[in-house]
file entry.cif (mmCIF, C-alpha atoms)
data_coords
#
loop_
_atom_site.label_atom_id
_atom_site.label_comp_id
_atom_site.auth_asym_id
_atom_site.auth_seq_id
_atom_site.Cartn_x
_atom_site.Cartn_y
_atom_site.Cartn_z
CA MET A 1 -8.01 18.06 0.67
CA GLU A 2 -4.63 19.54 1.46
CA THR A 3 -1.63 18.99 -0.80
CA PRO A 4 1.14 17.40 1.26
CA HIS A 5 4.20 19.51 2.08
CA GLN A 6 7.09 18.60 -0.18
CA GLU A 7 9.84 20.99 1.01
CA HIS A 8 11.74 18.07 2.57
CA ILE A 9 12.41 16.55 -0.86
CA ASN A 10 15.78 17.26 -2.44
CA LYS A 11 14.95 18.24 -6.05
CA ASP A 12 17.88 16.13 -7.30
CA ASP A 13 15.99 13.04 -6.10
CA PHE A 14 13.49 13.67 -8.91
CA GLN A 15 16.11 12.31 -11.28
CA HIS A 16 15.32 8.91 -9.78
CA VAL A 17 11.69 9.26 -8.64
CA TYR A 18 8.67 10.56 -10.60
CA GLU A 19 8.02 14.17 -9.65
CA PRO A 20 4.36 14.90 -8.80
CA ALA A 21 2.69 16.20 -11.95
CA GLU A 22 -0.80 16.83 -13.37
CA ASP A 23 -1.70 13.14 -13.22
CA SER A 24 -0.78 12.92 -9.52
CA PHE A 25 -2.91 15.99 -8.77
CA LEU A 26 -5.82 14.68 -10.84
CA LEU A 27 -5.89 11.57 -8.67
CA ILE A 28 -5.79 13.72 -5.52
CA ASP A 29 -8.67 15.81 -6.96
CA ALA A 30 -10.58 12.58 -7.67
CA LEU A 31 -10.16 11.44 -4.06
CA GLU A 32 -11.28 14.86 -2.89
CA LYS A 33 -14.49 14.50 -4.94
CA GLU A 34 -14.95 11.13 -3.24
CA LEU A 35 -14.17 12.40 0.25
CA ASN A 36 -17.69 12.37 1.67
CA PHE A 37 -18.19 8.85 0.39
CA LEU A 38 -14.79 7.78 1.76
CA LYS A 39 -15.48 9.30 5.18
CA ALA A 40 -18.76 7.38 5.39
CA PHE A 41 -17.09 4.20 4.10
CA ASN A 42 -14.40 4.59 6.79
CA PRO A 43 -11.82 2.25 5.20
CA PHE A 44 -9.75 0.12 7.52
CA SER A 45 -6.73 -0.06 5.22
CA CYS A 46 -5.62 1.81 2.09
CA LEU A 47 -2.90 0.82 -0.37
CA GLU A 48 -1.26 2.87 -3.09
CA ILE A 49 0.62 0.87 -5.70
CA GLY A 50 3.61 2.61 -7.26
CA SER A 51 3.49 5.50 -4.80
CA GLY A 52 6.55 7.37 -6.17
CA SER A 53 6.99 10.57 -4.17
CA GLY A 54 4.11 9.50 -1.90
CA VAL A 55 1.98 12.65 -2.34
CA ILE A 56 -1.25 10.82 -3.23
CA ILE A 57 -1.42 8.33 -0.37
CA THR A 58 -0.18 11.02 2.04
CA ALA A 59 -2.93 13.43 0.91
CA LEU A 60 -5.49 10.70 1.60
CA GLY A 61 -3.90 9.96 4.98
CA MET A 62 -4.12 13.65 5.94
CA ALA A 63 -7.82 13.75 4.98
CA LEU A 64 -8.81 10.43 6.62
CA PRO A 65 -6.69 10.00 9.73
CA ASN A 66 -8.37 6.85 11.10
CA SER A 67 -7.16 4.31 8.55
CA LEU A 68 -4.00 2.31 8.01
CA TYR A 69 -1.85 3.35 5.06
CA PHE A 70 0.41 1.16 2.94
CA CYS A 71 2.28 1.67 -0.30
CA THR A 72 4.49 -0.28 -2.65
CA ASP A 73 6.98 0.74 -5.31
CA VAL A 74 9.49 -1.25 -7.38
CA ASN A 75 11.95 1.63 -7.02
CA PHE A 76 13.66 1.65 -3.61
CA LYS A 77 14.37 5.41 -3.87
CA ALA A 78 10.65 5.98 -4.40
CA CYS A 79 9.90 3.90 -1.28
CA LEU A 80 12.23 6.10 0.77
CA MET A 81 10.67 9.27 -0.64
CA SER A 82 7.11 8.04 0.02
CA LYS A 83 8.01 7.31 3.63
CA SER A 84 9.61 10.69 4.17
CA THR A 85 6.68 12.54 2.53
CA ALA A 86 4.26 10.75 4.88
CA LEU A 87 6.48 11.41 7.90
CA HIS A 88 6.80 15.13 7.13
CA ASN A 89 3.03 15.38 6.94
CA ARG A 90 2.43 13.34 10.11
CA VAL A 91 0.85 10.36 8.31
CA GLY A 92 1.78 6.82 9.36
CA LEU A 93 2.70 5.00 6.14
CA GLU A 94 4.17 1.54 5.74
CA CYS A 95 6.12 1.06 2.56
CA VAL A 96 7.25 -2.18 0.91
CA ASN A 97 9.62 -2.45 -2.07
CA MET A 98 7.40 -4.79 -4.08
CA ASN A 99 6.10 -5.49 -7.54
CA LEU A 100 2.45 -4.33 -7.59
CA ALA A 101 0.87 -6.07 -4.56
CA MET A 102 2.20 -9.59 -5.11
CA CYS A 103 3.31 -10.39 -1.56
CA PHE A 104 0.28 -9.40 0.50
CA GLN A 105 -2.17 -11.87 2.02
CA ASN A 106 -5.52 -12.01 0.23
CA LYS A 107 -8.24 -9.39 0.70
CA MET A 108 -6.37 -6.99 2.95
CA PHE A 109 -7.28 -3.59 1.49
CA ASP A 110 -10.50 -1.56 1.48
CA ILE A 111 -9.04 1.05 -0.88
CA VAL A 112 -6.48 0.50 -3.64
CA ILE A 113 -5.13 3.45 -5.65
CA PHE A 114 -2.99 3.19 -8.77
CA ASN A 115 -1.47 5.93 -10.90
CA PRO A 116 0.11 3.48 -13.31
CA PRO A 117 2.87 3.74 -15.88
CA TYR A 118 0.42 4.52 -18.68
CA VAL A 119 2.58 5.84 -21.52
CA VAL A 120 2.48 3.73 -24.70
CA THR A 121 6.05 2.38 -25.19
CA GLY A 122 7.83 -0.72 -26.44
CA SER A 123 7.33 -3.77 -24.19
CA GLU A 124 11.01 -3.96 -23.23
CA GLU A 125 10.87 -0.47 -21.68
CA CYS A 126 8.43 -1.38 -18.92
CA MET A 127 10.66 -3.90 -17.13
CA SER A 128 12.91 -1.56 -15.11
CA ASN A 129 13.00 -0.79 -11.39
CA GLY A 130 14.19 2.77 -12.00
CA ILE A 131 12.36 5.96 -12.92
CA GLU A 132 11.29 4.46 -16.30
CA ALA A 133 8.98 2.18 -14.30
CA SER A 134 6.95 5.26 -13.35
CA TRP A 135 5.80 5.95 -16.91
CA ALA A 136 6.67 3.18 -19.42
CA GLY A 137 3.48 1.16 -19.96
CA GLY A 138 4.34 -0.99 -22.99
CA ASN A 139 1.68 -1.98 -25.53
CA LYS A 140 -1.37 0.39 -25.30
CA GLY A 141 0.30 1.62 -22.09
CA ARG A 142 -1.54 -1.30 -20.52
CA GLU A 143 1.05 -4.01 -19.76
CA VAL A 144 1.45 -3.11 -16.08
CA ILE A 145 -2.17 -2.00 -15.68
CA ASP A 146 -3.50 -5.36 -16.98
CA LYS A 147 -1.28 -7.30 -14.55
CA LEU A 148 -2.75 -5.31 -11.68
CA LEU A 149 -6.34 -5.76 -12.91
CA ASP A 150 -5.87 -9.51 -12.50
CA LEU A 151 -4.68 -9.01 -8.92
CA ILE A 152 -7.51 -6.68 -7.84
CA PRO A 153 -10.02 -9.39 -6.78
CA LYS A 154 -7.28 -10.94 -4.63
CA ILE A 155 -6.12 -7.78 -2.88
CA LEU A 156 -9.41 -5.91 -2.32
CA THR A 157 -11.79 -6.78 0.48
CA ASP A 158 -15.30 -7.74 -0.66
CA GLN A 159 -16.57 -4.19 -0.22
CA GLY A 160 -13.29 -2.69 -1.45
CA ILE A 161 -12.88 0.16 -3.95
CA PHE A 162 -10.21 0.59 -6.61
CA TYR A 163 -9.27 4.00 -8.09
CA LEU A 164 -7.32 3.93 -11.35
CA LEU A 165 -5.92 6.75 -13.47
CA LEU A 166 -5.88 6.19 -17.24
CA ILE A 167 -5.37 8.12 -20.46
CA GLU A 168 -7.51 7.68 -23.57
CA GLU A 169 -4.73 5.71 -25.32
CA ASN A 170 -5.15 2.99 -22.67
CA ILE A 171 -8.68 2.40 -24.08
CA PRO A 172 -10.69 2.87 -20.85
CA GLU A 173 -13.70 1.03 -22.34
CA GLU A 174 -11.61 -2.15 -22.58
CA VAL A 175 -10.41 -1.74 -19.00
CA LYS A 176 -14.03 -1.32 -17.83
CA GLN A 177 -15.03 -4.49 -19.69
CA ILE A 178 -12.14 -6.48 -18.16
CA MET A 179 -13.23 -5.36 -14.72
CA LEU A 180 -16.90 -6.03 -15.44
CA ASN A 181 -15.94 -9.61 -16.29
CA LYS A 182 -14.41 -9.82 -12.81
CA GLY A 183 -17.65 -8.54 -11.26
CA TYR A 184 -16.78 -4.85 -10.79
CA LYS A 185 -18.92 -1.90 -11.84
CA SER A 186 -17.19 1.31 -12.80
CA LYS A 187 -17.77 5.04 -12.59
CA LEU A 188 -15.93 8.00 -14.08
CA ILE A 189 -14.88 10.30 -11.23
CA ILE A 190 -12.96 13.04 -13.03
CA LYS A 191 -11.54 13.81 -16.46
CA ARG A 192 -9.10 16.49 -17.62
CA GLN A 193 -7.16 17.38 -20.70
CA VAL A 194 -3.49 18.06 -19.95
CA LYS A 195 -1.50 19.24 -22.96
CA ASN A 196 -2.00 16.39 -25.47
CA GLU A 197 -3.22 13.85 -22.86
CA ASN A 198 -6.80 13.09 -21.88
CA GLN A 199 -6.47 11.85 -18.29
CA LEU A 200 -9.29 10.30 -16.29
CA VAL A 201 -9.86 8.52 -13.00
CA LEU A 202 -12.18 5.53 -12.79
CA LYS A 203 -13.62 3.99 -9.66
CA PHE A 204 -14.31 0.24 -9.56
CA TYR A 205 -16.60 -1.35 -6.99
CA LYS A 206 -18.87 -4.36 -6.50
CA MET B 1 8.55 -2.15 9.05
CA LYS B 2 5.90 -2.46 11.68
CA LEU B 3 4.46 -5.76 12.86
CA ILE B 4 1.06 -4.84 11.41
CA THR B 5 2.74 -5.07 7.99
CA HIS B 6 4.46 -8.34 8.84
CA ASN B 7 1.00 -9.71 9.66
CA MET B 8 -0.05 -9.06 6.04
CA LEU B 9 3.02 -10.20 4.09
CA THR B 10 3.48 -13.59 2.46
CA SER B 11 5.98 -15.24 0.12
CA LYS B 12 3.33 -17.54 -1.41
CA CYS B 13 3.98 -16.12 -4.89
CA LEU B 14 7.39 -17.84 -4.92
CA LYS B 15 7.58 -20.88 -7.17
CA GLY B 16 7.03 -24.06 -5.14
CA VAL B 17 5.84 -22.23 -1.99
CA VAL B 18 2.35 -23.15 -0.73
CA THR B 19 1.48 -20.67 2.03
CA GLY B 20 4.68 -18.70 2.70
CA TYR B 21 3.14 -17.45 5.92
CA PRO B 22 4.13 -16.23 8.40
CA LEU B 23 7.56 -15.01 7.37
CA SER B 24 10.11 -15.30 10.14
CA ILE B 25 11.95 -12.18 11.25
CA ASN B 26 15.63 -11.55 11.92
CA ALA B 27 15.91 -8.03 13.28
CA THR B 28 19.30 -6.37 13.72
CA ASN B 29 18.02 -2.86 14.45
CA ILE B 30 14.65 -2.00 16.00
CA ASN B 31 13.39 1.53 16.69
CA ILE B 32 10.50 2.52 18.89
CA THR B 33 8.65 5.46 17.37
CA GLU B 34 5.95 7.14 19.44
CA VAL B 35 2.56 7.17 17.71
CA ASP B 36 -0.54 8.89 19.17
CA TYR B 37 -2.58 6.34 21.10
CA ASN B 38 -6.11 5.95 19.76
CA PRO B 39 -8.00 3.17 21.59
CA GLU B 40 -10.90 3.10 19.09
CA PHE B 41 -8.48 2.66 16.22
CA ILE B 42 -6.57 -0.17 17.90
CA THR B 43 -9.87 -1.85 18.84
CA ARG B 44 -10.80 -1.79 15.17
CA ILE B 45 -7.48 -3.28 14.04
CA ILE B 46 -7.25 -6.20 16.45
CA PRO B 47 -10.11 -8.42 15.12
CA LYS B 48 -8.66 -8.12 11.60
CA LEU B 49 -5.26 -9.49 12.58
CA ASP B 50 -3.86 -12.95 12.86
CA TRP B 51 -3.16 -12.48 16.55
CA GLU B 52 -1.16 -15.66 16.97
CA VAL B 53 1.16 -14.56 14.14
CA LEU B 54 1.49 -11.13 15.74
CA TRP B 55 2.30 -12.59 19.15
CA ARG B 56 4.93 -14.98 17.77
CA ALA B 57 6.51 -12.22 15.66
CA ALA B 58 6.65 -9.90 18.69
CA ASP B 59 8.08 -12.70 20.82
CA SER B 60 10.73 -13.55 18.21
CA ILE B 61 12.12 -10.01 18.34
CA GLY B 62 11.86 -9.68 22.14
CA HIS B 63 8.77 -7.46 22.33
CA SER B 64 6.06 -9.78 23.67
CA ASP B 65 6.37 -8.66 27.31
CA GLY B 66 2.95 -8.59 28.90
CA LEU B 67 1.22 -9.28 25.60
CA PRO B 68 -1.35 -12.10 25.95
CA GLN B 69 -1.03 -15.05 23.56
CA THR B 70 -4.73 -15.04 22.87
CA ILE B 71 -7.25 -12.22 22.70
CA GLU B 72 -9.69 -12.20 25.57
CA PRO B 73 -13.41 -11.55 25.07
CA LYS B 74 -14.20 -7.87 25.78
CA PHE B 75 -10.59 -6.94 25.03
CA GLU B 76 -11.91 -3.52 23.97
CA GLU B 77 -12.60 -2.67 27.62
CA ASN B 78 -9.06 -3.51 28.74
CA ASN B 79 -7.09 -0.29 28.32
CA GLU B 80 -3.82 -1.80 29.48
CA PHE B 81 -4.09 -4.51 26.82
CA LEU B 82 -4.98 -1.96 24.12
CA LYS B 83 -1.91 0.13 25.01
CA LYS B 84 0.33 -2.92 24.71
CA ALA B 85 -1.24 -3.87 21.39
CA HIS B 86 -0.79 -0.28 20.19
CA ARG B 87 2.89 -0.39 21.08
CA VAL B 88 3.63 -3.72 19.44
CA LEU B 89 1.57 -3.02 16.31
CA LEU B 90 2.34 0.62 15.60
CA GLU B 91 5.42 1.67 17.57
CA VAL B 92 7.88 -1.20 17.25
CA ASP B 93 9.61 -0.54 13.95
CA ILE B 94 12.15 -2.92 12.39
CA GLU B 95 14.76 -0.77 10.66
CA GLU B 96 17.27 -3.39 9.55
CA GLY B 97 17.12 -7.16 9.27
CA ASN B 98 15.56 -9.88 7.13
CA LEU B 99 12.25 -11.57 6.56
CA VAL B 100 12.61 -15.26 5.74
CA CYS B 101 10.22 -17.48 3.77
CA PRO B 102 9.23 -20.37 6.07
CA GLU B 103 9.27 -22.91 3.22
CA SER B 104 12.08 -21.94 0.83
CA GLY B 105 14.36 -20.02 3.19
CA ARG B 106 14.48 -17.13 0.67
CA ARG B 107 15.56 -13.98 2.50
CA PHE B 108 13.98 -10.57 2.03
CA PRO B 109 16.23 -7.85 3.39
CA ILE B 110 14.79 -4.95 5.39
CA SER B 111 16.74 -1.74 4.87
CA LYS B 112 15.85 1.70 6.32
CA GLY B 113 12.58 0.18 7.50
CA ILE B 114 11.59 -0.99 4.00
CA PRO B 115 11.33 -4.74 3.24
CA ASN B 116 12.58 -5.69 -0.21
CA MET B 117 10.03 -8.20 -1.52
CA LEU B 118 11.01 -7.77 -5.18
CA LEU B 119 11.04 -11.08 -7.04
CA THR B 120 12.59 -11.98 -10.36
CA GLU B 121 10.38 -13.45 -13.12
CA ALA B 122 12.14 -16.79 -12.64
CA GLU B 123 11.18 -16.93 -8.94
CA VAL B 124 7.47 -16.32 -9.44
CA GLN B 125 4.96 -19.08 -10.05
#
call {"tool": "encode", "arguments": {"input": "entry.cif", "output": "structure tokens"}}
result
Amino acid sequence: METPHQEHINKDDFQHVYEPAEDSFLLIDALEKELNFLKAFNPFSCLEIGSGSGVIITALGMALPNSLYFCTDVNFKACLMSKSTALHNRVGLECVNMNLAMCFQNKMFDIVIFNPPYVVTGSEECMSNGIEASWAGGNKGREVIDKLLDLIPKILTDQGIFYLLLIEENIPEEVKQIMLNKGYKSKLIIKRQVKNENQLVLKFYK
Amino acid sequence: MKLITHNMLTSKCLKGVVTGYPLSINATNINITEVDYNPEFITRIIPKLDWEVLWRAADSIGHSDGLPQTIEPKFEENNEFLKKAHRVLLEVDIEEGNLVCPESGRRFPISKGIPNMLLTEAEVQ
């Protein structure tokens, strides 16, 4: 999979929007490992939640041109950057300034991708709509993740797939159990140690 | 915001709102952006849409010309229809305006093509 061009981005904008980092590229690498499966699956519609700079959903759009692409972010500046990243890489991307995926009709997406705010912080820190929203995850780094887990059965189609990036501190085994209780199996796609973080990408499916 | 997105958005998570669908549209600035025409792709999209909602949305912003109100059987063989559907779904782009909840009247501004559907804790059920 190609990494999207990012020359159009003014570096100063990364004061307001999360700059693509190891976690973003791990998720792109996970999707690349899944590419043959995804090509055969031929998703109708793909959604990235909290798209930030937009590099992940754009990379997927470049690799699988015959799907519809959507993204959400609580940060308006991130929405603008996601749109321009997609545009500069000739991917059609629709972006909505939204909390998670709260305002979509039920069961609209075949693929949902989330690189969440996973850093363990105080609860009060994960309430912003600014750049803090890209990393501050509250208790266990799970406060935003757990809200999305509850939404997954509503937003995914019946055959839909959910890709989630986590770190060990998020207690992936607990996340798997929560999803199993909702009827989803899970599979580890990729794992990497980055400095003092153990990052991994899980795939959830029925 | 393209009309394909409008077809998927709802304000049902607002407190006291039952369906919140479809949102009405007030458009003050509409762009037409050329997108490569792919008949197979459009054919795949159409059965997944709420066509009536699409037609009414297109009509409300003055872009329903020649677009049938209902989908005919074997629409996939009608190239002229597919081209019109392509235009209204993927090329008509609302840059500025508002989406409005049909039940509560809550407005969601669209700015630079991005609808603001952010809700406060107090608004959510």
call {"tool": "resolve_selection", "arguments": {"input": "entry.cif", "expression": "the PyMOL selection byres ((chain B) within 7 of (chain A))", "output": "ChimeraX atom specification"}}
result
/B:1,8-11,13,41,114-118
call {"tool": "residues_near_point", "arguments": {"input": "entry.cif", "point": "(-2.6, 13.2, -11.7)", "cutoff": "10 Å", "atoms": "all atoms listed in the file", "output": "list of chain:residue names"}}
result
A:Pro20, A:Ala21, A:Glu22, A:Asp23, A:Ser24, A:Phe25, A:Leu26, A:Leu27, A:Ile28, A:Asp29, A:Ala30, A:Ile56, A:Asn115, A:Leu165, A:Leu166, A:Arg192, A:Val194, A:Gln199, A:Leu200, A:Val201
call {"tool": "write_last_selection", "arguments": {"input": "entry.cif", "atoms": "C-alpha atoms", "output": "mmCIF file, in the frame of the given file"}}
result
data_model
loop_
_atom_site.group_PDB
_atom_site.id
_atom_site.type_symbol
_atom_site.label_atom_id
_atom_site.label_comp_id
_atom_site.auth_asym_id
_atom_site.auth_seq_id
_atom_site.Cartn_x
_atom_site.Cartn_y
_atom_site.Cartn_z
ATOM 1 C CA PRO A 20 4.360 14.900 -8.800
ATOM 2 C CA ALA A 21 2.690 16.200 -11.950
ATOM 3 C CA GLU A 22 -0.800 16.830 -13.370
ATOM 4 C CA ASP A 23 -1.700 13.140 -13.220
ATOM 5 C CA SER A 24 -0.780 12.920 -9.520
ATOM 6 C CA PHE A 25 -2.910 15.990 -8.770
ATOM 7 C CA LEU A 26 -5.820 14.680 -10.840
ATOM 8 C CA LEU A 27 -5.890 11.570 -8.670
ATOM 9 C CA ILE A 28 -5.790 13.720 -5.520
ATOM 10 C CA ASP A 29 -8.670 15.810 -6.960
ATOM 11 C CA ALA A 30 -10.580 12.580 -7.670
ATOM 12 C CA ILE A 56 -1.250 10.820 -3.230
ATOM 13 C CA ASN A 115 -1.470 5.930 -10.900
ATOM 14 C CA LEU A 165 -5.920 6.750 -13.470
ATOM 15 C CA LEU A 166 -5.880 6.190 -17.240
ATOM 16 C CA ARG A 192 -9.100 16.490 -17.620
ATOM 17 C CA VAL A 194 -3.490 18.060 -19.950
ATOM 18 C CA GLN A 199 -6.470 11.850 -18.290
ATOM 19 C CA LEU A 200 -9.290 10.300 -16.290
ATOM 20 C CA VAL A 201 -9.860 8.520 -13.000
#
call {"tool": "residues_around", "arguments": {"input": "entry.cif", "residues": "Val92 (chain B)", "least_positions_apart": "6", "cutoff": "7 Å", "atoms": "only C-alpha atoms", "output": "list in words"}}
result
Lys2, Ile30, Asn31, Ile32 and Thr33 of chain B
call {"tool": "atom_distance", "arguments": {"input": "entry.cif", "atom1": "CA of Asn42 (chain A)", "atom2": "CA of Val112 (chain A)"}}
result
13.7 Å
call {"tool": "residues_around", "arguments": {"input": "entry.cif", "residues": "region 45-57 of chain B", "least_positions_apart": "5", "cutoff": "12 Å", "atoms": "all atoms listed in the file", "output": "VMD selection string"}}
result
(chain A and resid 43 to 45 66 to 68 105 107 to 109 157) or (chain B and resid 2 to 10 21 to 27 38 to 40 62 to 76 81 to 86 88 to 90 92 94 99)
call {"tool": "atom_distance", "arguments": {"input": "entry.cif", "atom1": "CA of Ile61 (chain B)", "atom2": "CA of Met81 (chain A)"}}
result
27.1 Å
call {"tool": "resolve_selection", "arguments": {"input": "entry.cif", "expression": "the PyMOL selection byres ((chain A and resi 3-7) around 8)", "output": "VMD selection string"}}
result
chain A and resid 1 to 2 8 to 10 55 58 to 59 62 85 88 to 89
call {"tool": "write_last_selection", "arguments": {"input": "entry.cif", "atoms": "C-alpha atoms", "output": "PDB file, in the frame of the given file"}}
result
ATOM      1  CA  MET A   1      -8.010  18.060   0.670  1.00  0.00           C
ATOM      2  CA  GLU A   2      -4.630  19.540   1.460  1.00  0.00           C
ATOM      3  CA  HIS A   8      11.740  18.070   2.570  1.00  0.00           C
ATOM      4  CA  ILE A   9      12.410  16.550  -0.860  1.00  0.00           C
ATOM      5  CA  ASN A  10      15.780  17.260  -2.440  1.00  0.00           C
ATOM      6  CA  VAL A  55       1.980  12.650  -2.340  1.00  0.00           C
ATOM      7  CA  THR A  58      -0.180  11.020   2.040  1.00  0.00           C
ATOM      8  CA  ALA A  59      -2.930  13.430   0.910  1.00  0.00           C
ATOM      9  CA  MET A  62      -4.120  13.650   5.940  1.00  0.00           C
ATOM     10  CA  THR A  85       6.680  12.540   2.530  1.00  0.00           C
ATOM     11  CA  HIS A  88       6.800  15.130   7.130  1.00  0.00           C
ATOM     12  CA  ASN A  89       3.030  15.380   6.940  1.00  0.00           C
TER      13      ASN A  89
END
call {"tool": "axis_aligned_box", "arguments": {"input": "entry.cif", "around": "region 53-68 of chain A", "padding_each_side": "4 Å", "output": "lines of an AutoDock Vina configuration file"}}
result
center_x = -0.9
center_y = 8.0
center_z = 3.5
size_x = 23.8
size_y = 19.4
size_z = 23.3
call {"tool": "atom_distance", "arguments": {"input": "entry.cif", "atom1": "CA of Glu34 (chain A)", "atom2": "CA of Ser51 (chain A)"}}
result
19.3 Å
call {"tool": "resolve_selection", "arguments": {"input": "entry.cif", "expression": "the PyMOL selection byres ((chain A and resi 142) around 10)", "output": "PDB file with C-alpha atoms, keeping the file's coordinate frame"}}
result
ATOM      1  CA  PRO A 116       0.110   3.480 -13.310  1.00  0.00           C
ATOM      2  CA  PRO A 117       2.870   3.740 -15.880  1.00  0.00           C
ATOM      3  CA  TYR A 118       0.420   4.520 -18.680  1.00  0.00           C
ATOM      4  CA  VAL A 119       2.580   5.840 -21.520  1.00  0.00           C
ATOM      5  CA  VAL A 120       2.480   3.730 -24.700  1.00  0.00           C
ATOM      6  CA  THR A 121       6.050   2.380 -25.190  1.00  0.00           C
ATOM      7  CA  SER A 123       7.330  -3.770 -24.190  1.00  0.00           C
ATOM      8  CA  ALA A 136       6.670   3.180 -19.420  1.00  0.00           C
ATOM      9  CA  GLY A 137       3.480   1.160 -19.960  1.00  0.00           C
ATOM     10  CA  GLY A 138       4.340  -0.990 -22.990  1.00  0.00           C
ATOM     11  CA  ASN A 139       1.680  -1.980 -25.530  1.00  0.00           C
ATOM     12  CA  LYS A 140      -1.370   0.390 -25.300  1.00  0.00           C
ATOM     13  CA  GLY A 141       0.300   1.620 -22.090  1.00  0.00           C
ATOM     14  CA  GLU A 143       1.050  -4.010 -19.760  1.00  0.00           C
ATOM     15  CA  VAL A 144       1.450  -3.110 -16.080  1.00  0.00           C
ATOM     16  CA  ILE A 145      -2.170  -2.000 -15.680  1.00  0.00           C
ATOM     17  CA  ASP A 146      -3.500  -5.360 -16.980  1.00  0.00           C
ATOM     18  CA  LYS A 147      -1.280  -7.300 -14.550  1.00  0.00           C
ATOM     19  CA  LEU A 148      -2.750  -5.310 -11.680  1.00  0.00           C
ATOM     20  CA  LEU A 166      -5.880   6.190 -17.240  1.00  0.00           C
ATOM     21  CA  GLU A 169      -4.730   5.710 -25.320  1.00  0.00           C
ATOM     22  CA  ASN A 170      -5.150   2.990 -22.670  1.00  0.00           C
ATOM     23  CA  ILE A 171      -8.680   2.400 -24.080  1.00  0.00           C
ATOM     24  CA  VAL A 175     -10.410  -1.740 -19.000  1.00  0.00           C
TER      25      VAL A 175
END
call {"tool": "closest_residue", "arguments": {"input": "entry.cif", "among": "A:Lys206, A:His16, A:Lys176, A:Lys187", "to": "Gly160 (chain A)", "atoms": "only C-alpha atoms"}}
result
A:Lys206
call {"tool": "residues_around", "arguments": {"input": "entry.cif", "residues": "Asp12 (chain A)", "least_positions_apart": "6", "cutoff": "12 Å", "atoms": "all atoms listed in the file", "output": "list in words"}}
result
Tyr18, Glu19, Lys77 and Met81 of chain A
call {"tool": "residues_near_point", "arguments": {"input": "entry.cif", "point": "(-14.1, 8.2, -10.4)", "cutoff": "6 Å", "atoms": "only C-alpha atoms", "output": "JSON, numbers by chain"}}
result
{"A": [187, 188, 189, 190, 201, 202, 203]}
call {"tool": "decode", "arguments": {"input": "entry.cif", "residues": "region 194-204 of chain A", "atoms": "N, CA, C and O atoms", "output": "compact mmCIF listing (two decimals), in the first residue's frame"}}
result
# COMPACT_ATOMS: atom_id res chain seq x y z
N VAL A 194 7.00 0.21 20.08
CA VAL A 194 7.47 1.54 19.68
C VAL A 194 7.88 2.26 20.95
O VAL A 194 7.04 2.57 21.78
N LYS A 195 9.20 2.49 21.08
CA LYS A 195 9.72 3.09 22.32
C LYS A 195 9.18 2.29 23.51
O LYS A 195 9.37 1.10 23.60
N ASN A 196 8.42 2.95 24.40
CA ASN A 196 7.93 2.21 25.57
C ASN A 196 6.48 1.73 25.40
O ASN A 196 5.83 1.36 26.35
N GLU A 197 5.98 1.75 24.14
CA GLU A 197 4.58 1.33 23.90
C GLU A 197 4.53 0.03 23.13
O GLU A 197 5.23 -0.12 22.12
N ASN A 198 3.67 -0.88 23.57
CA ASN A 198 3.39 -2.07 22.77
C ASN A 198 2.07 -1.84 22.05
O ASN A 198 1.01 -1.88 22.65
N GLN A 199 2.17 -1.57 20.74
CA GLN A 199 0.97 -1.25 19.95
C GLN A 199 0.53 -2.49 19.18
O GLN A 199 1.36 -3.28 18.74
N LEU A 200 -0.79 -2.65 19.03
CA LEU A 200 -1.30 -3.78 18.26
C LEU A 200 -2.59 -3.38 17.54
O LEU A 200 -3.25 -2.42 17.92
N VAL A 201 -2.89 -4.13 16.50
CA VAL A 201 -4.15 -3.89 15.77
C VAL A 201 -4.97 -5.17 15.81
O VAL A 201 -4.48 -6.24 15.45
N LEU A 202 -6.19 -5.05 16.29
CA LEU A 202 -7.11 -6.19 16.33
C LEU A 202 -8.18 -6.02 15.25
O LEU A 202 -8.57 -4.90 14.92
N LYS A 203 -8.62 -7.17 14.76
CA LYS A 203 -9.72 -7.19 13.78
C LYS A 203 -10.90 -7.87 14.46
O LYS A 203 -10.73 -8.93 15.09
N PHE A 204 -12.07 -7.30 14.37
CA PHE A 204 -13.29 -7.90 14.94
C PHE A 204 -14.26 -8.21 13.81
O PHE A 204 -14.46 -7.40 12.91
